[in-house]
Amino acid sequence: MASDRVLYNPTQLYLNDHVINNYLELINKRNSNVYIYNTHLYANLSPERYSLYYRWTKKLDLFSKTKILVPINLTTLKHWVLVCMNLELKQMQYYDSLQGNGISYQKQVFDFLSFVHLHSRGTPLNSKEWSFINVTNIPIQKNSYDCGVFLCTYAEYLARDAVFNFSQEHMVSFRQLIAYELTTKKLVDINVEAHDIDAFITSIVNA
């Protein structure tokens with residue numbers, strides 16, 4: 001874990017897929033109402049692999065969840081983004097801390113999940129019943145290296161339906177919190193006002 005902790009120091013470093021997957025797995029273990037795929041899904045996603053990746057969740061009632069999340073690394077941009085299938089709202093939501101356009105990524109994820117729905121529920125998903133949304137009223141990134149921290153924080157807040165009240169100025173604290181959570185293997189809910197986030201996290205990690 002010591003090597004992971006280095007990644008959270010307030011320096012200009014990216015979070016790698018190992019760190020992100022370990023963190024997202026903590027969210028999966030805590031929140032039975034959501035399911036988050038690991039980063040390897042989208043990195044290798046193609047129609048000929050659908051059957052293989054369907055097996056990952058074959059024993060789960062995937063579509064009984066409220067949300068299905070897929071983290072994506074845009075390799076050409078060295079940038080992390082998040083697609084969320086919101087099953088309650090029938091929305092494919094794209095969360096990008098740099099506010100890019102995610103329609104192509106949403107459609108790829110939707111096609112795969114439609115395949116999963118077909119093989120688990122007997123019918124494909126009807127894209128005409130779904131909205132594809134670039135979510136823009138979210139905290140945005142103001143540097144070139146915090147995208148992984150934003151992705152983890154978006155996912156954690158989405159999993160518990162929390163209001164996105166954080167911002168770029170809190171990312172150093174969230175790096176420290178992620179390190180703490182991975183070390184203790186337990187997530188900490190941030191249920192404080194925005195102006196109290198840094199102090200709250202400092203009190204947790206230094207306790």
# chains A, B, ... in the order shown; residues from 1 in each chain; ligands from 1

$ select_by_dssp --residues "segment 48-197 of chain A" --states "alpha helix (DSSP H)" --output "JSON, numbers by chain"
{"A": [50, 51, 52, 53, 54, 103, 104, 105, 106, 107, 108, 109, 110, 111, 112, 113, 114, 115, 116, 117, 118, 119, 120, 121, 147, 148, 149, 150, 151, 152, 153, 154, 155, 156, 157, 158, 159, 171, 172, 173, 174, 175, 176, 177, 178, 179, 180, 181, 182, 183, 184, 197]}

$ closest_residue --among "A:Arg175, A:His40, A:His195, A:Arg160" --to "Asn28 of chain A" --atoms "only C-alpha atoms"
A:Arg160

$ atom_distance --atom1 "atom CA of Gln93 of chain A" --atom2 "atom CA of Gln106 of chain A"
7.4 Å

$ atom_distance --atom1 "atom CA of Gln141 of chain A" --atom2 "atom CA of Met171 of chain A"
9.2 Å

$ select_by_dssp --residues "segment 9-177 of chain A" --states "strand (DSSP E or B)" --output "ChimeraX atom specification"
/A:34-36,67-74,79-86,91-95,131-134

$ atom_distance --atom1 "atom CA of Leu89 of chain A" --atom2 "atom CA of Ile68 of chain A"
12.1 Å

$ closest_residue --among "A:Asp96, A:Glu129, A:Glu156, A:Glu169" --to "Leu187 of chain A" --atoms "only C-alpha atoms"
A:Glu156
